[in-house]
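A.B. asks: Below is the structure I would like to discuss, written out as structure tokens.
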Amino acid sequence: MNKIIFSISMISLVMILTSMVALPITTDALSTGESNLTNPVSPGTKLDISIPIINDNNQKKDVTIVLKHAEKQSGSSSPFFGSSPFGSSSNSQKPSSFEHIGLMKSSDFIGDLKPGEKSSADFVLYIDKDTPGGIYNLEITARYTDFMVVPMTETIGILSIPVSNNPSIEITGISKGIITPGSVNDLTIDLKNVGTYPQSDVSVEISPISSSQPQPSIIPEDLTKMFGATDDTKKDLNKTKELISPVGSGNKFYIGDLKPGEYRSLNVKLFADYDITKGVYSLPVTIQSQGVSYQENVPVRVIAGANLFIPVIETNPRVIIPEDKITIVATVENRGGDAAKSVSVELLDNGYIKGEGNMWNIAYAGTIPAQDTGYVIFQLFVADGAPKQVPLYMKIKYTDDLGLHESIEKEDLTVVYQPEDKSPFDDTALISIIAGILVVIIIVGVYLYKRRAKR
């Protein structure tokens, strides 16, 4: 009887083993699709991750998907990770996801999956605020019971999380980025969160633009010795000059939190040094968010306006006589930092000057470069009866980067009148008066002589 029972047991065991060998051996019976994480994330970010789970084979029951930290990897490849981003050898490994990725919800029960059926597993992660940039891997593990009611655990994929140290805050617009030497102008910077996650504690720091070479000391060496200036004093006097710098409330500005797609404008007041030359300058702007910072350069245009004067005029001839034609040459000097264009000078009517033609009182000098001079010429007459000092008003018109400008300069013309001609009648009367006086003198003299002779 025992032999019969033993034989039946052996036959049953063989049949079971045979049936097991005949069953198809499948691996990766569950697979994963693309997660909803499509862009790099910033440190200090909370992530809601959804991963598609696909049943490619027999029915699975009580499926639970678990995320767990991947081990530290060397530079060698593995069937799951490929080439690891964490170093080239076990002695030079970088921290794994365990040290920087927090698993706030690491498992999700999705129930039964029929052959070909698909579901999704949802997880919640947190990226530590001090996480270095790079790619961090998490293993995707499935636990389930197969059709033979055998508990199974298998790794079905890898979730790669790219972390970028640059926050998703971009400068999307700049306005009023024009400034003139020696002035304070407004600069408006538009910031926008172009990422898919909120950014907190956003701040902006504006750094001044300094000249590349130190400025010479403003105190002569002999006076420096006289006043007993120290080496530290000289260093301070020779310090690098700030050509453009923020003024008012410091150079750091707090923006606050920005939701995805939200933008905010920052208004900054900038001062440009008096000696700065015209051109386009790059203003360093550092954006900080969630403990991470990066720098961008904002263009600031410096425009230096022209400044015209008429320091002197010359006349030919120098002696101005009414109704005689004279030529006036006026020197136009540009003391500004930019070229003056379309320069014209107009003589304003004062009731005493006149000329020939319709445009006799307007002359053009074209373009006068910065720190240069130009000339205009007029031909005119001074009317008879004008005062000896005739005021000459000259309107200067020109354009530069700042627009159209007008100013009025004044010079005096000295008019000389010739002595009036006397008529012959006036001379005869004068001679008669003189002759009468001589006759009287002679008569008085003869009378006195005779009277003296009688004595």
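Scheme for the structure tokens: letters A, B, ... for chains in order shown; per-chain residue numbers from 1; ligand numbers from 1 in order shown.
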Considering only strand (DSSP E or B) as DSSP defines it on the backbone, what residues of segment 226-409 of chain A qualify? List them as a PyMOL selection string.

C.D. replies: chain A and resi 242-247+252-258+263-272+279-289+292-302+308-316+320+326-334+340-347+353-354+362-368+373-382+389-400+403-409

A.B. asks: Which of these, A:Ser211, A:Asn307, A:Gln199, A:Thr145, has the shortest distance to Gln59 of chain A once you count only C-alpha atoms?

C.D. replies: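 The closest residue to Gln59 of chain A is A:Thr145.
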
A.B. asks: Would you please work out which residue, of A:Val332, A:Ile368, A:Ile179, A:Leu37, is nearest to Phe271 of chain A when using only C-alpha atoms?

C.D. replies: A:Ile179

A.B. asks: Separation of atom CA of Lys192 of chain A and atom CA of Ile287 of chain A, in Å?

C.D. replies: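 For atom CA of Lys192 of chain A relative to atom CA of Ile287 of chain A, the distance reads 11.4 Å.
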
A.B. asks: Go through A:Asp190, A:Asp146, A:Asp201, A:Glu99 and flag the residue nearest Ile174 of chain A, using only C-alpha atoms for the distances.

C.D. replies: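 Ranking A:Asp190, A:Asp146, A:Asp201, A:Glu99 by distance to Ile174 of chain A, first place goes to A:Asp190.
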
A.B. asks: I want to know what sits within 8 Å of Leu258 of chain A, based on only C-alpha atoms, with residues of the same chain fewer than 4 positions away left out; could you give that as a list of chain:residue names?

C.D. replies: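 Here the answer would be A:Lys192, A:Asn193, A:Pro198, A:Gln199, A:Ser200, A:Val202, A:Glu262, A:Tyr263.
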
A.B. asks: Residues as selected, C-alpha atoms, written as a PDB file, in the first residue's frame, can you do that?

C.D. replies:
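Once written, out-v3.pdb looks like this:
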```pdb
ATOM      1  CA  LYS A 192       7.724  85.578 -15.802  1.00  0.00           C
ATOM      2  CA  ASN A 193       7.546  82.026 -14.474  1.00  0.00           C
ATOM      3  CA  PRO A 198       5.370  77.506  -8.718  1.00  0.00           C
ATOM      4  CA  GLN A 199       8.523  79.401  -7.785  1.00  0.00           C
ATOM      5  CA  SER A 200       8.821  80.822  -4.282  1.00  0.00           C
ATOM      6  CA  VAL A 202      11.970  85.069  -6.007  1.00  0.00           C
ATOM      7  CA  GLU A 262       2.522  84.523 -13.788  1.00  0.00           C
ATOM      8  CA  TYR A 263       4.614  87.618 -14.414  1.00  0.00           C
TER       9      TYR A 263
END
```

A.B. asks: Find the spatial neighbours of segment 151-157 of chain A, counting only C-alpha atoms, within a cut-off of 9 Å - ignore same-chain residues fewer than 2 positions away - and output them as a VMD selection string.

C.D. replies: chain A and resid 27 to 32 80 138 to 146 148 to 149 159

A.B. asks: Write out the residues from the selection above, keeping all heavy atoms, as a short mmCIF file (atom, residue, chain, number, x, y, z; two decimals), in the first residue's frame.

C.D. replies:
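Saved to selection37.cif:
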```cif
data_model
loop_
_atom_site.label_atom_id
_atom_site.label_comp_id
_atom_site.auth_asym_id
_atom_site.auth_seq_id
_atom_site.Cartn_x
_atom_site.Cartn_y
_atom_site.Cartn_z
N THR A 27 8.97 37.54 -18.84
CA THR A 27 9.59 38.59 -18.03
C THR A 27 9.02 39.93 -18.46
O THR A 27 8.55 40.09 -19.60
CB THR A 27 11.12 38.60 -18.22
OG1 THR A 27 11.39 38.80 -19.62
CG2 THR A 27 11.73 37.30 -17.77
N ASP A 28 9.07 40.86 -17.54
CA ASP A 28 8.51 42.19 -17.82
C ASP A 28 7.06 42.07 -18.28
O ASP A 28 6.66 42.67 -19.27
CB ASP A 28 9.34 42.94 -18.86
CG ASP A 28 10.71 43.33 -18.33
OD1 ASP A 28 10.85 43.43 -17.09
OD2 ASP A 28 11.61 43.53 -19.14
N ALA A 29 6.34 41.25 -17.58
CA ALA A 29 4.93 41.09 -17.94
C ALA A 29 4.18 42.40 -17.79
O ALA A 29 3.18 42.63 -18.46
CB ALA A 29 4.29 40.01 -17.08
N LEU A 30 4.64 43.29 -16.91
CA LEU A 30 4.11 44.65 -16.80
C LEU A 30 5.15 45.62 -17.36
O LEU A 30 6.36 45.43 -17.18
CB LEU A 30 3.80 45.01 -15.35
CG LEU A 30 2.64 44.26 -14.68
CD1 LEU A 30 2.51 44.71 -13.23
CD2 LEU A 30 1.34 44.48 -15.42
N SER A 31 4.68 46.64 -18.02
CA SER A 31 5.59 47.65 -18.57
C SER A 31 5.06 49.03 -18.23
O SER A 31 3.90 49.19 -17.82
CB SER A 31 5.75 47.49 -20.08
OG SER A 31 4.50 47.66 -20.74
N THR A 32 5.88 50.03 -18.43
CA THR A 32 5.49 51.42 -18.11
C THR A 32 5.48 52.28 -19.37
O THR A 32 6.24 52.04 -20.32
CB THR A 32 6.47 52.04 -17.10
OG1 THR A 32 7.78 52.05 -17.67
CG2 THR A 32 6.49 51.25 -15.81
N PHE A 80 19.38 48.16 -15.96
CA PHE A 80 18.27 49.07 -15.65
C PHE A 80 18.63 50.53 -15.89
O PHE A 80 17.82 51.31 -16.31
CB PHE A 80 17.83 48.89 -14.19
CG PHE A 80 17.30 47.51 -13.90
CD1 PHE A 80 17.90 46.70 -12.96
CD2 PHE A 80 16.21 47.03 -14.60
CE1 PHE A 80 17.41 45.44 -12.70
CE2 PHE A 80 15.71 45.76 -14.34
CZ PHE A 80 16.31 44.96 -13.39
N LEU A 138 14.78 56.68 -10.05
CA LEU A 138 13.99 55.91 -9.09
C LEU A 138 13.53 54.62 -9.77
O LEU A 138 13.09 54.64 -10.94
CB LEU A 138 12.78 56.71 -8.61
CG LEU A 138 13.06 58.00 -7.83
CD1 LEU A 138 11.75 58.74 -7.57
CD2 LEU A 138 13.75 57.70 -6.51
N GLU A 139 13.62 53.50 -9.05
CA GLU A 139 13.13 52.24 -9.58
C GLU A 139 11.62 52.16 -9.47
O GLU A 139 11.02 52.54 -8.46
CB GLU A 139 13.75 51.06 -8.82
CG GLU A 139 15.24 50.88 -9.05
CD GLU A 139 15.77 49.65 -8.35
OE1 GLU A 139 14.95 48.86 -7.85
OE2 GLU A 139 16.99 49.48 -8.29
N ILE A 140 10.99 51.63 -10.54
CA ILE A 140 9.54 51.38 -10.53
C ILE A 140 9.35 49.87 -10.35
O ILE A 140 9.72 49.08 -11.23
CB ILE A 140 8.89 51.85 -11.84
CG1 ILE A 140 9.23 53.32 -12.12
CG2 ILE A 140 7.38 51.65 -11.78
CD1 ILE A 140 8.77 53.82 -13.47
N THR A 141 8.81 49.47 -9.21
CA THR A 141 8.65 48.05 -8.86
C THR A 141 7.16 47.70 -8.79
O THR A 141 6.36 48.49 -8.29
CB THR A 141 9.32 47.74 -7.53
OG1 THR A 141 10.71 48.06 -7.62
CG2 THR A 141 9.19 46.27 -7.17
N ALA A 142 6.83 46.51 -9.31
CA ALA A 142 5.44 46.02 -9.26
C ALA A 142 5.35 44.80 -8.36
O ALA A 142 6.18 43.89 -8.45
CB ALA A 142 4.96 45.68 -10.67
N ARG A 143 4.32 44.81 -7.52
CA ARG A 143 4.00 43.64 -6.70
C ARG A 143 2.59 43.19 -7.07
O ARG A 143 1.67 44.02 -7.08
CB ARG A 143 4.09 43.96 -5.21
CG ARG A 143 5.49 44.34 -4.74
CD ARG A 143 5.60 44.19 -3.22
NE ARG A 143 4.64 45.04 -2.52
CZ ARG A 143 4.98 46.22 -1.95
NH1 ARG A 143 6.22 46.65 -2.02
NH2 ARG A 143 4.07 46.92 -1.31
N TYR A 144 2.40 41.89 -7.34
CA TYR A 144 1.08 41.40 -7.73
C TYR A 144 1.03 39.88 -7.54
O TYR A 144 2.05 39.24 -7.23
CB TYR A 144 0.79 41.75 -9.19
CG TYR A 144 1.81 41.22 -10.17
CD1 TYR A 144 1.66 39.94 -10.73
CD2 TYR A 144 2.90 41.98 -10.55
CE1 TYR A 144 2.60 39.44 -11.63
CE2 TYR A 144 3.83 41.49 -11.44
CZ TYR A 144 3.68 40.23 -11.98
OH TYR A 144 4.62 39.74 -12.85
N THR A 145 -0.15 39.31 -7.76
CA THR A 145 -0.35 37.86 -7.73
C THR A 145 -0.70 37.40 -9.14
O THR A 145 -1.63 37.95 -9.76
CB THR A 145 -1.49 37.48 -6.76
OG1 THR A 145 -1.16 37.96 -5.46
CG2 THR A 145 -1.67 35.97 -6.72
N ASP A 146 0.03 36.38 -9.64
CA ASP A 146 -0.24 35.95 -11.01
C ASP A 146 -1.41 34.98 -11.05
O ASP A 146 -2.06 34.69 -10.03
CB ASP A 146 1.01 35.35 -11.63
CG ASP A 146 1.43 34.05 -10.95
OD1 ASP A 146 0.69 33.58 -10.05
OD2 ASP A 146 2.48 33.52 -11.31
N MET A 148 -1.52 31.93 -11.21
CA MET A 148 -1.34 30.72 -10.41
C MET A 148 -1.31 31.04 -8.93
O MET A 148 -0.91 30.21 -8.11
CB MET A 148 -0.05 30.02 -10.82
CG MET A 148 -0.07 29.46 -12.24
SD MET A 148 1.38 28.49 -12.61
CE MET A 148 1.19 27.13 -11.45
N VAL A 149 -1.72 32.27 -8.59
CA VAL A 149 -1.79 32.73 -7.21
C VAL A 149 -0.41 32.67 -6.57
O VAL A 149 -0.26 32.27 -5.40
CB VAL A 149 -2.83 31.93 -6.39
CG1 VAL A 149 -3.20 32.69 -5.11
CG2 VAL A 149 -4.06 31.63 -7.18
N LEU A 159 12.23 55.60 -13.38
CA LEU A 159 11.76 56.98 -13.49
C LEU A 159 12.95 57.91 -13.35
O LEU A 159 13.58 57.97 -12.30
CB LEU A 159 10.72 57.29 -12.41
CG LEU A 159 10.24 58.75 -12.35
CD1 LEU A 159 9.52 59.14 -13.63
CD2 LEU A 159 9.36 58.98 -11.13
#
```

A.B. asks: What's the separation between atom CA of Val345 of chain A and atom CA of Ile320 of chain A, in Å to one decimal place?

C.D. replies: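 Rounded to one decimal, the two atoms are 21.2 Å apart.
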
A.B. asks: May I ask which of the residues A:Ile442, A:Ile362, A:Leu266, A:Ile396 is the closest one to Leu308 of chain A, counting only C-alpha atoms?

C.D. replies: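 Using only C-alpha atoms, Leu308 of chain A sits closest to A:Ile396.
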
A.B. asks: Neighbours of Glu406 of chain A within 9 Å (only C-alpha atoms; same-chain residues fewer than 5 positions away dropped), as a ChimeraX atom specification?

C.D. replies: /A:395-399

A.B. asks: Keeping only C-alpha atoms, write those residues as a compact mmCIF listing (two decimals), in the first residue's frame.

C.D. replies:
```
# COMPACT_ATOMS: atom_id res chain seq x y z
CA LYS A 395 17.54 130.80 -32.68
CA ILE A 396 19.48 127.51 -32.81
CA LYS A 397 17.60 124.36 -33.86
CA TYR A 398 19.03 120.81 -33.98
CA THR A 399 18.24 117.16 -33.31
```

A.B. asks: Interatomic distance between atom CA of Thr196 of chain A and atom CA of Pro40 of chain A?

C.D. replies: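 The value is 9.5 Å.
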
A.B. asks: Would you mind telling me which residue in A:Glu411, A:Ile135, A:Lys61, A:Ile161 lies nearest to Asn36 of chain A when using only C-alpha atoms?

C.D. replies: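 Nearest to Asn36 of chain A: A:Ile161.
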
A.B. asks: Go through A:Val329, A:Ala363, A:Ala370, A:Val319 and flag the residue nearest Thr277 of chain A, using only C-alpha atoms for the distances.

C.D. replies: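 The answer is A:Ala370, which sits nearest to Thr277 of chain A.
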
A.B. asks: Residues near Pro43 of chain A, anyone? I mean within 6 Å using only C-alpha atoms, not counting same-chain ones fewer than 4 positions away, as a count of residues only.

C.D. replies: 4
